[in-house]
>>> print(open('protein.txt').read())   # compact mmCIF, C-alpha atoms
# COMPACT_ATOMS: atom_id res chain seq x y z
CA MET A 1 0.00 0.00 0.00
CA SER A 2 1.44 3.34 -1.05
CA ASN A 3 2.04 6.12 1.45
CA VAL A 4 -0.30 9.11 0.79
CA PRO A 5 0.31 11.87 3.38
CA ASP A 6 -2.86 13.78 4.36
CA GLU A 7 -1.34 17.26 4.23
CA LEU A 8 -0.35 17.15 0.54
CA ARG A 9 -2.22 17.66 -2.74
CA TYR A 10 -1.90 15.34 -5.73
CA THR A 11 -2.20 15.13 -9.51
CA ARG A 12 -3.36 12.35 -11.84
CA GLU A 13 0.24 12.20 -13.08
CA HIS A 14 1.27 11.14 -9.55
CA GLU A 15 2.99 14.32 -8.46
CA TRP A 16 2.53 15.69 -4.96
CA ALA A 17 2.42 19.39 -3.97
CA ARG A 18 2.99 21.05 -0.59
CA LEU A 19 1.96 24.69 -0.02
CA ASP A 20 4.10 26.59 2.48
CA GLU A 21 3.21 29.70 4.48
CA THR A 22 4.90 32.00 1.93
CA GLY A 23 2.62 30.78 -0.88
CA LYS A 24 5.31 28.68 -2.59
CA VAL A 25 4.67 25.08 -3.57
CA THR A 26 7.13 22.18 -3.32
CA ILE A 27 6.71 19.41 -5.91
CA GLY A 28 7.80 15.78 -6.05
CA ILE A 29 6.50 12.42 -7.23
CA THR A 30 4.41 10.15 -5.04
CA ASP A 31 5.35 6.94 -3.30
CA PHE A 32 3.11 5.10 -5.78
CA ALA A 33 4.97 6.66 -8.71
CA GLN A 34 8.42 5.77 -7.39
CA GLU A 35 7.27 2.19 -6.74
CA GLN A 36 6.00 1.97 -10.32
CA LEU A 37 9.12 3.47 -11.84
CA GLY A 38 11.63 1.35 -9.95
CA ASP A 39 15.11 2.71 -9.32
CA VAL A 40 15.30 6.29 -10.56
CA VAL A 41 18.59 6.84 -12.41
CA TYR A 42 18.23 10.26 -14.02
CA LEU A 43 16.35 13.51 -13.42
CA ASP A 44 16.06 16.42 -15.82
CA LEU A 45 14.63 19.31 -13.79
CA PRO A 46 13.61 22.78 -15.03
CA ALA A 47 16.02 25.70 -14.78
CA LEU A 48 15.90 28.06 -11.82
CA GLU A 49 13.60 31.01 -12.54
CA GLY A 50 12.19 29.16 -15.57
CA GLU A 51 8.49 29.38 -16.37
CA VAL A 52 6.37 26.25 -15.91
CA VAL A 53 2.76 25.72 -17.00
CA ALA A 54 0.15 23.61 -15.21
CA GLY A 55 -0.30 20.23 -16.92
CA GLU A 56 2.71 20.68 -19.20
CA SER A 57 6.05 18.91 -19.10
CA MET A 58 8.68 20.57 -16.93
CA GLY A 59 11.32 17.83 -17.03
CA GLU A 60 12.00 14.15 -17.37
CA ILE A 61 12.52 11.22 -15.04
CA GLU A 62 14.23 8.00 -16.04
CA SER A 63 14.16 4.80 -14.07
CA THR A 64 15.31 1.27 -14.80
CA LYS A 65 11.88 0.68 -16.36
CA SER A 66 10.75 3.87 -18.06
CA VAL A 67 11.41 7.41 -19.25
CA SER A 68 8.55 9.75 -18.38
CA ASP A 69 7.74 13.43 -18.50
CA LEU A 70 7.50 15.33 -15.23
CA TYR A 71 4.40 17.52 -15.33
CA SER A 72 4.01 20.78 -13.49
CA PRO A 73 0.89 20.82 -11.28
CA LEU A 74 0.85 24.64 -11.31
CA THR A 75 1.71 27.59 -13.50
CA GLY A 76 4.47 29.80 -12.16
CA THR A 77 8.19 30.34 -11.82
CA VAL A 78 10.75 27.84 -10.57
CA ASP A 79 11.99 29.21 -7.26
CA GLU A 80 14.24 26.33 -6.16
CA VAL A 81 15.65 23.19 -7.77
CA ASN A 82 16.78 20.23 -5.68
CA THR A 83 20.23 19.81 -7.18
CA GLU A 84 21.19 17.24 -4.52
CA CYS A 85 18.34 15.05 -5.68
CA ARG A 86 19.28 15.62 -9.32
CA ASP A 87 22.81 14.46 -8.51
CA ASN A 88 21.55 11.55 -6.41
CA PRO A 89 18.21 10.50 -7.94
CA ALA A 90 18.02 7.48 -5.62
CA ALA A 91 16.61 9.96 -3.07
CA VAL A 92 13.34 9.86 -5.04
CA ASN A 93 12.98 6.18 -4.16
CA GLN A 94 14.33 6.44 -0.64
CA ASP A 95 12.34 9.48 0.53
CA PRO A 96 9.85 10.69 -2.11
CA TYR A 97 8.11 13.16 0.22
CA GLY A 98 11.32 14.36 1.90
CA THR A 99 14.81 14.56 0.38
CA GLY A 100 13.34 13.39 -2.94
CA TRP A 101 11.50 16.70 -3.54
CA MET A 102 12.28 18.16 -6.96
CA VAL A 103 11.35 21.82 -7.35
CA VAL A 104 9.69 24.72 -5.54
CA ILE A 105 7.31 26.76 -7.67
CA ASN A 106 6.21 30.31 -7.06
CA PRO A 107 2.69 30.00 -8.48
CA THR A 108 1.06 32.69 -10.59
CA ASP A 109 -2.32 31.71 -9.17
CA VAL A 110 -2.14 29.94 -5.83
CA GLU A 111 -5.79 28.91 -6.19
CA GLN A 112 -4.60 26.25 -8.65
CA PHE A 113 -3.26 24.44 -5.60
CA ASP A 114 -6.78 24.02 -4.20
CA GLU A 115 -7.89 22.42 -7.47
CA LEU A 116 -5.44 19.53 -7.02
CA MET A 117 -6.66 16.26 -5.51
CA SER A 118 -6.81 15.83 -1.74
CA SER A 119 -5.20 12.74 -0.20
CA ASP A 120 -8.63 11.04 -0.05
CA GLU A 121 -9.29 11.83 -3.70
CA TYR A 122 -5.86 10.58 -4.73
CA GLU A 123 -6.35 7.34 -2.77
CA SER A 124 -9.68 6.84 -4.55
CA PHE A 125 -7.92 7.51 -7.86
CA LEU A 126 -5.29 4.87 -7.05
CA ALA A 127 -8.01 2.39 -6.06
CA GLU A 128 -9.82 3.11 -9.33
CA MET A 129 -6.60 2.48 -11.29
CA ALA A 130 -6.02 -0.79 -9.42
CA GLY A 131 -9.60 -1.82 -10.21
CA GLU A 132 -9.16 -1.10 -13.90
CA ASP A 133 -5.93 -3.08 -13.91
CA ALA A 134 -7.63 -6.05 -12.22
CA ASN A 135 -10.28 -6.02 -14.94
CA MET B 136 -11.58 -7.48 -24.06
CA ARG B 137 -11.32 -6.83 -27.81
CA THR B 138 -8.92 -4.18 -29.09
CA ASN B 139 -8.00 -3.85 -32.72
CA TRP B 140 -4.26 -3.60 -33.30
CA GLU B 141 -2.38 -2.55 -36.38
CA LEU B 142 0.78 -4.33 -37.45
CA VAL B 143 3.80 -2.88 -39.20
CA ASN B 144 6.44 -5.32 -40.41
CA SER B 145 9.45 -3.21 -41.34
CA GLY B 146 12.02 -5.96 -41.91
CA PRO B 147 15.74 -5.13 -41.74
CA THR B 148 16.16 -1.38 -41.38
CA ASP B 149 19.04 0.98 -40.65
CA ALA B 150 19.64 1.74 -36.95
CA LEU B 151 18.93 5.48 -37.07
CA GLN B 152 15.86 4.88 -39.21
CA ASN B 153 14.59 2.23 -36.79
CA MET B 154 14.72 4.64 -33.86
CA ALA B 155 13.36 7.51 -35.96
CA ILE B 156 10.37 5.43 -37.09
CA ASP B 157 9.53 4.37 -33.53
CA SER B 158 9.78 8.00 -32.35
CA ALA B 159 7.74 9.24 -35.31
CA ILE B 160 4.96 6.69 -34.70
CA LEU B 161 4.81 7.88 -31.08
CA GLN B 162 4.75 11.57 -32.02
CA HIS B 163 2.22 10.99 -34.78
CA SER B 164 -0.04 8.93 -32.50
CA ILE B 165 0.00 11.74 -29.93
CA ALA B 166 -0.69 14.35 -32.63
CA ILE B 167 -3.71 12.54 -34.10
CA ARG B 168 -4.72 11.01 -30.74
CA ARG B 169 -4.64 7.55 -32.31
CA GLN B 170 -6.51 5.04 -30.14
CA THR B 171 -5.50 1.93 -32.09
CA PRO B 172 -2.28 0.38 -30.76
CA ILE B 173 0.48 -0.19 -33.31
CA LEU B 174 2.72 -3.24 -33.11
CA ARG B 175 5.88 -3.03 -35.19
CA PHE B 176 8.47 -5.72 -35.89
CA TYR B 177 11.89 -4.90 -37.27
CA SER B 178 15.45 -6.06 -37.45
CA TRP B 179 18.72 -4.27 -38.18
CA THR B 180 20.67 -4.10 -41.43
CA GLN B 181 23.95 -4.46 -39.53
CA PRO B 182 24.90 -5.22 -35.93
CA CYS B 183 24.09 -2.29 -33.69
CA LEU B 184 24.55 -1.42 -30.02
CA SER B 185 21.61 0.66 -28.80
CA PHE B 186 21.61 2.48 -25.47
CA GLY B 187 19.12 4.48 -23.40
CA THR B 188 18.30 8.13 -23.97
CA ASN B 189 20.04 9.50 -20.90
CA ARG B 190 22.97 7.09 -20.91
CA SER B 191 26.33 7.42 -22.61
CA LEU B 192 28.91 4.93 -23.83
CA SER B 193 32.56 5.24 -22.84
CA PRO B 194 35.18 6.00 -25.52
CA ASP B 195 36.51 2.43 -25.04
CA VAL B 196 33.12 0.94 -25.91
CA LEU B 197 32.74 3.26 -28.92
CA PHE B 198 36.25 2.29 -30.09
CA ARG B 199 35.49 -1.43 -29.84
CA CYS B 200 32.17 -0.99 -31.67
CA ASN B 201 33.90 0.92 -34.44
CA ASN B 202 36.61 -1.74 -34.78
CA SER B 203 34.01 -4.51 -34.87
CA GLY B 204 31.78 -2.88 -37.48
CA VAL B 205 29.00 -2.40 -34.93
CA GLN B 206 26.80 0.69 -35.33
CA VAL B 207 25.81 2.69 -32.26
CA VAL B 208 22.46 4.36 -31.75
CA GLN B 209 20.68 6.08 -28.86
CA ARG B 210 17.13 4.95 -28.16
CA PRO B 211 14.27 7.33 -27.31
CA THR B 212 13.57 5.00 -24.37
CA GLY B 213 15.67 4.38 -21.28
CA GLY B 214 17.79 1.48 -20.14
CA GLY B 215 21.17 -0.12 -20.69
CA ALA B 216 23.00 -1.22 -23.83
CA VAL B 217 21.59 -3.93 -26.12
CA LEU B 218 23.44 -5.59 -28.97
CA HIS B 219 21.10 -6.08 -31.92
CA ASP B 220 22.74 -8.76 -34.01
CA GLU B 221 20.19 -10.90 -35.82
CA ASP B 222 17.66 -10.18 -33.08
CA LEU B 223 13.99 -9.40 -33.60
CA THR B 224 12.86 -6.10 -32.15
CA TYR B 225 9.23 -5.27 -31.44
CA SER B 226 7.74 -1.89 -30.64
CA VAL B 227 4.30 -0.96 -29.37
CA VAL B 228 2.80 2.53 -29.42
CA ALA B 229 -0.55 3.00 -27.70
CA PRO B 230 -2.50 5.35 -25.45
CA SER B 231 -1.61 4.98 -21.79
CA VAL B 232 -3.11 1.90 -20.18
CA GLY B 233 -2.11 2.74 -16.60
CA GLY B 234 1.13 2.87 -14.66
CA VAL B 235 4.54 1.72 -15.82
CA LEU B 236 4.21 -1.85 -14.57
CA GLU B 237 0.62 -2.18 -15.81
CA THR B 238 1.85 -1.11 -19.23
CA TYR B 239 4.59 -3.75 -19.27
CA ARG B 240 2.06 -6.38 -18.22
CA TRP B 241 -0.40 -5.20 -20.88
CA VAL B 242 2.16 -5.44 -23.69
CA ALA B 243 3.54 -8.72 -22.32
CA GLN B 244 0.24 -10.57 -22.73
CA GLY B 245 0.62 -10.83 -26.51
CA LEU B 246 4.33 -11.64 -26.28
CA ILE B 247 3.77 -14.42 -23.71
CA GLU B 248 0.97 -15.88 -25.82
CA GLY B 249 3.19 -15.66 -28.90
CA PHE B 250 6.06 -17.47 -27.20
CA ALA B 251 3.57 -20.13 -26.11
CA LYS B 252 2.76 -20.75 -29.80
CA LEU B 253 6.42 -21.81 -30.15
CA GLY B 254 6.19 -24.02 -27.06
CA ILE B 255 8.05 -21.54 -24.85
CA THR B 256 6.70 -20.74 -21.39
CA ALA B 257 7.76 -17.14 -20.81
CA ASP B 258 6.73 -14.97 -17.89
CA ILE B 259 7.30 -11.48 -16.55
CA SER B 260 10.42 -11.36 -14.45
CA GLN B 261 9.89 -10.79 -10.74
CA HIS B 262 13.48 -9.66 -10.20
CA SER B 263 14.69 -6.12 -9.71
CA GLY B 264 17.82 -5.48 -11.75
CA PRO B 265 20.70 -3.21 -10.72
CA ALA B 266 19.90 0.44 -11.43
CA ASP B 267 23.21 1.17 -13.10
CA ALA B 268 23.65 -2.00 -15.16
CA ILE B 269 25.35 -1.08 -18.42
CA ALA B 270 24.12 -4.19 -20.23
CA CYS B 271 20.35 -4.46 -20.60
CA PHE B 272 20.43 -8.24 -20.57
CA ALA B 273 22.62 -8.36 -17.43
CA GLN B 274 19.70 -9.26 -15.19
CA PRO B 275 15.95 -9.59 -15.74
CA THR B 276 13.72 -6.90 -14.19
CA GLY B 277 9.95 -6.44 -13.95
CA ALA B 278 10.14 -4.92 -17.44
CA ASP B 279 11.41 -8.13 -18.99
CA LEU B 280 10.31 -11.60 -19.96
CA GLU B 281 12.20 -14.63 -18.79
CA VAL B 282 12.16 -18.37 -19.32
CA GLU B 283 13.07 -20.33 -16.20
CA GLY B 284 14.88 -17.32 -14.76
CA ARG B 285 16.79 -16.50 -17.96
CA LYS B 286 15.96 -13.30 -19.79
CA ILE B 287 14.54 -13.77 -23.31
CA CYS B 288 13.15 -10.29 -23.99
CA GLY B 289 14.45 -7.01 -22.59
CA SER B 290 12.18 -3.98 -22.99
CA ALA B 291 12.28 -0.24 -22.44
CA GLN B 292 9.59 2.41 -22.36
CA VAL B 293 9.02 6.12 -22.83
CA ARG B 294 5.79 7.86 -21.83
CA ARG B 295 4.71 11.14 -23.38
CA ASN B 296 1.45 13.12 -23.22
CA GLY B 297 -0.72 10.12 -22.39
CA TRP B 298 0.84 7.75 -24.96
CA PHE B 299 3.74 5.34 -24.63
CA LEU B 300 6.35 3.72 -26.82
CA GLN B 301 7.75 0.43 -25.63
CA HIS B 302 10.27 -1.59 -27.56
CA GLY B 303 12.18 -4.73 -26.80
CA SER B 304 14.74 -7.10 -28.23
CA ILE B 305 14.52 -10.87 -28.58
CA PRO B 306 17.91 -12.36 -29.47
CA MET B 307 17.73 -15.12 -32.08
CA HIS B 308 21.26 -16.35 -31.34
CA ASP B 309 23.63 -16.21 -28.38
CA VAL B 310 25.35 -12.79 -28.48
CA ARG B 311 26.34 -12.69 -24.81
CA ALA B 312 30.09 -13.09 -25.36
CA GLN B 313 30.10 -10.45 -28.09
CA THR B 314 28.06 -8.07 -25.91
CA CYS B 315 30.49 -8.53 -23.03
CA GLN B 316 33.47 -8.00 -25.30
CA LEU B 317 32.02 -4.73 -26.65
CA LEU B 318 31.06 -3.44 -23.22
CA GLY B 319 34.30 -4.58 -21.56
CA LEU B 320 32.49 -6.82 -19.09
CA SER B 321 34.12 -9.93 -17.72
CA GLU B 322 31.07 -11.93 -16.67
CA VAL B 323 28.71 -13.42 -19.19
CA ASP B 324 25.10 -13.03 -18.02
CA SER B 325 22.50 -15.77 -17.85
CA SER B 326 20.14 -14.60 -20.58
CA THR B 327 18.92 -16.97 -23.26
CA CYS B 328 18.03 -16.70 -26.95
CA LEU B 329 15.37 -18.13 -29.23
CA ASN B 330 17.63 -20.73 -30.83
CA GLU B 331 18.55 -22.18 -27.44
CA LEU B 332 14.85 -22.66 -26.76
CA VAL B 333 13.68 -23.62 -30.27
CA PRO B 334 16.66 -24.85 -32.31
CA GLY B 335 16.42 -23.81 -35.94
CA ALA B 336 13.74 -21.16 -35.36
CA GLU B 337 13.83 -18.29 -37.83
CA SER B 338 12.91 -14.67 -37.31
CA GLN B 339 9.82 -15.08 -39.50
CA ASP B 340 8.60 -17.97 -37.28
CA LEU B 341 8.84 -15.65 -34.30
CA ILE B 342 7.02 -12.79 -36.07
CA GLU B 343 4.19 -15.13 -37.05
CA ALA B 344 3.95 -16.60 -33.54
CA LEU B 345 3.93 -13.18 -31.86
CA THR B 346 1.36 -11.82 -34.32
CA GLU B 347 -0.85 -14.83 -33.58
CA GLY B 348 -0.22 -14.25 -29.88
CA TYR B 349 -1.49 -10.69 -30.06
CA ALA B 350 -4.44 -11.77 -32.20
CA SER B 351 -5.47 -14.44 -29.69
CA VAL B 352 -5.25 -11.99 -26.77
CA TRP B 353 -6.85 -8.98 -28.45
CA GLY B 354 -8.99 -10.39 -31.21
CA ALA B 355 -7.65 -8.64 -34.29
CA VAL B 356 -4.30 -7.58 -35.69
CA ALA B 357 -4.46 -5.92 -39.11
CA GLN B 358 -1.29 -5.62 -41.18
CA LEU B 359 -0.62 -2.09 -42.45
CA SER B 360 1.01 -1.61 -45.81
CA SER B 361 2.46 1.71 -44.59
CA ASN B 362 4.85 2.48 -41.76
CA GLY B 363 2.16 3.45 -39.26
CA LEU B 364 2.43 7.16 -39.94
CA ASP B 365 -0.84 7.61 -41.87
>>> encode(input="protein.txt", output="structure tokens")
Amino acid sequence: MSNVPDELRYTREHEWARLDETGKVTIGITDFAQEQLGDVVYLDLPALEGEVVAGESMGEIESTKSVSDLYSPLTGTVDEVNTECRDNPAAVNQDPYGTGWMVVINPTDVEQFDELMSSDEYESFLAEMAGEDAN
Amino acid sequence: MRTNWELVNSGPTDALQNMAIDSAILQHSIAIRRQTPILRFYSWTQPCLSFGTNRSLSPDVLFRCNNSGVQVVQRPTGGGAVLHDEDLTYSVVAPSVGGVLETYRWVAQGLIEGFAKLGITADISQHSGPADAIACFAQPTGADLEVEGRKICGSAQVRRNGWFLQHGSIPMHDVRAQTCQLLGLSEVDSSTCLNELVPGAESQDLIEALTEGYASVWGAVAQLSSNGLD
């Protein structure tokens, strides 16, 4: 069973988002996503101060099993990039909600954060996916 | 479940063209939002070492490839190096069917059924390979098919905008020693090849078996006269 912390928001592309008190949002991939991907071997993250658009690719993640786009949950500017994680992508597997964070975004419209899935909604989404797979 | 598939049989094709066609089918499928999965079979006009999109090969490996007349090409997918020397390569492009592992399982159904037509009992590997393995066939992972613990088909995947491209190599003959020589590895891995399992089997036998495999799982596989880019 994947770990889905209550305090975070989620996307259908299996990214998580954490809003801090300054209005900035930290992004990473979920425990479910890292389990699916297997060992992450490469991360291509957006440039500092680069523009990202909600729902569009902002980078790439490669694991032993797949190469996938990383999608931005929000529109805004990249405020921080986790270069330690980029240099040691295994952190994504070891601690996806902690040291495996990827970028901090300064959102243009912070209300986009509220439109993301709650932990309950994301858990239902995962259950729905598992049901489809079983069928 | 019944899903119509379309089949492209490219035959022996140049390395760069092979990768370009796979990438183009993916891009085109995304552009036209194609719902019908495309299954493509191809081989290589000359031996070729392919390697994953974010990997690199050392100058020593490139030197040995050059001296051995082995082409080198980067795949749009991830993963380690694969020597394509009289192998059969398949590719599948389709809309997303779920997560990474679900996708491998989805594609594997037709392959497993196809191998069964040749009397081979293949299954998805339950192992987890080393993250930094340079040789794709070094150890089976959940992305691969194995026969009694020995890898028969190594696959790699890229996912873009709700569609995926997955391709994989099935060696017809034993190329382990040659792969190790090119990559500078000392230990020969425990993968297998089609001719060890079905002596005398030809590439065309495998194509027919796999096509039948997909047809028995999905109901219909229609051969396209084009390259899948219409």
>>> interface_residues(input="protein.txt", of="chain A", to="chain B", cutoff="12 Å", atoms="only C-alpha atoms", output="number ranges by chain")
A: 12-14, 32-44, 55-57, 59-71, 89-90, 93, 125-126, 128-135
>>> write_last_selection(input="protein.txt", atoms="C-alpha atoms", output="mmCIF file, in the frame of the given file")
data_model
loop_
_atom_site.group_PDB
_atom_site.id
_atom_site.type_symbol
_atom_site.label_atom_id
_atom_site.label_comp_id
_atom_site.auth_asym_id
_atom_site.auth_seq_id
_atom_site.Cartn_x
_atom_site.Cartn_y
_atom_site.Cartn_z
ATOM 1 C CA ARG A 12 -3.360 12.350 -11.840
ATOM 2 C CA GLU A 13 0.240 12.200 -13.080
ATOM 3 C CA HIS A 14 1.270 11.140 -9.550
ATOM 4 C CA PHE A 32 3.110 5.100 -5.780
ATOM 5 C CA ALA A 33 4.970 6.660 -8.710
ATOM 6 C CA GLN A 34 8.420 5.770 -7.390
ATOM 7 C CA GLU A 35 7.270 2.190 -6.740
ATOM 8 C CA GLN A 36 6.000 1.970 -10.320
ATOM 9 C CA LEU A 37 9.120 3.470 -11.840
ATOM 10 C CA GLY A 38 11.630 1.350 -9.950
ATOM 11 C CA ASP A 39 15.110 2.710 -9.320
ATOM 12 C CA VAL A 40 15.300 6.290 -10.560
ATOM 13 C CA VAL A 41 18.590 6.840 -12.410
ATOM 14 C CA TYR A 42 18.230 10.260 -14.020
ATOM 15 C CA LEU A 43 16.350 13.510 -13.420
ATOM 16 C CA ASP A 44 16.060 16.420 -15.820
ATOM 17 C CA GLY A 55 -0.300 20.230 -16.920
ATOM 18 C CA GLU A 56 2.710 20.680 -19.200
ATOM 19 C CA SER A 57 6.050 18.910 -19.100
ATOM 20 C CA GLY A 59 11.320 17.830 -17.030
ATOM 21 C CA GLU A 60 12.000 14.150 -17.370
ATOM 22 C CA ILE A 61 12.520 11.220 -15.040
ATOM 23 C CA GLU A 62 14.230 8.000 -16.040
ATOM 24 C CA SER A 63 14.160 4.800 -14.070
ATOM 25 C CA THR A 64 15.310 1.270 -14.800
ATOM 26 C CA LYS A 65 11.880 0.680 -16.360
ATOM 27 C CA SER A 66 10.750 3.870 -18.060
ATOM 28 C CA VAL A 67 11.410 7.410 -19.250
ATOM 29 C CA SER A 68 8.550 9.750 -18.380
ATOM 30 C CA ASP A 69 7.740 13.430 -18.500
ATOM 31 C CA LEU A 70 7.500 15.330 -15.230
ATOM 32 C CA TYR A 71 4.400 17.520 -15.330
ATOM 33 C CA PRO A 89 18.210 10.500 -7.940
ATOM 34 C CA ALA A 90 18.020 7.480 -5.620
ATOM 35 C CA ASN A 93 12.980 6.180 -4.160
ATOM 36 C CA PHE A 125 -7.920 7.510 -7.860
ATOM 37 C CA LEU A 126 -5.290 4.870 -7.050
ATOM 38 C CA GLU A 128 -9.820 3.110 -9.330
ATOM 39 C CA MET A 129 -6.600 2.480 -11.290
ATOM 40 C CA ALA A 130 -6.020 -0.790 -9.420
ATOM 41 C CA GLY A 131 -9.600 -1.820 -10.210
ATOM 42 C CA GLU A 132 -9.160 -1.100 -13.900
ATOM 43 C CA ASP A 133 -5.930 -3.080 -13.910
ATOM 44 C CA ALA A 134 -7.630 -6.050 -12.220
ATOM 45 C CA ASN A 135 -10.280 -6.020 -14.940
#
>>> closest_residue(input="protein.txt", among="A:Gly50, A:Met1, A:Thr99, A:Glu7", to="Leu19 (chain A)", atoms="all atoms listed in the file")
A:Glu7
>>> residues_around(input="protein.txt", residues="Ile255 (chain B)", least_positions_apart="5", cutoff="9 Å", atoms="all atoms listed in the file", output="mmCIF file with C-alpha atoms, keeping the file's coordinate frame")
data_model
loop_
_atom_site.group_PDB
_atom_site.id
_atom_site.type_symbol
_atom_site.label_atom_id
_atom_site.label_comp_id
_atom_site.auth_asym_id
_atom_site.auth_seq_id
_atom_site.Cartn_x
_atom_site.Cartn_y
_atom_site.Cartn_z
ATOM 1 C CA ILE B 247 3.770 -14.420 -23.710
ATOM 2 C CA GLY B 249 3.190 -15.660 -28.900
ATOM 3 C CA PHE B 250 6.060 -17.470 -27.200
ATOM 4 C CA VAL B 282 12.160 -18.370 -19.320
ATOM 5 C CA LEU B 332 14.850 -22.660 -26.760
ATOM 6 C CA VAL B 333 13.680 -23.620 -30.270
#
>>> residues_around(input="protein.txt", residues="Ala54 (chain A)", least_positions_apart="3", cutoff="7 Å", atoms="only C-alpha atoms", output="PyMOL selection string")
chain A and resi 72-75
>>> atom_distance(input="protein.txt", atom1="CA of Val110 (chain A)", atom2="CA of Ile27 (chain A)")
13.8 Å
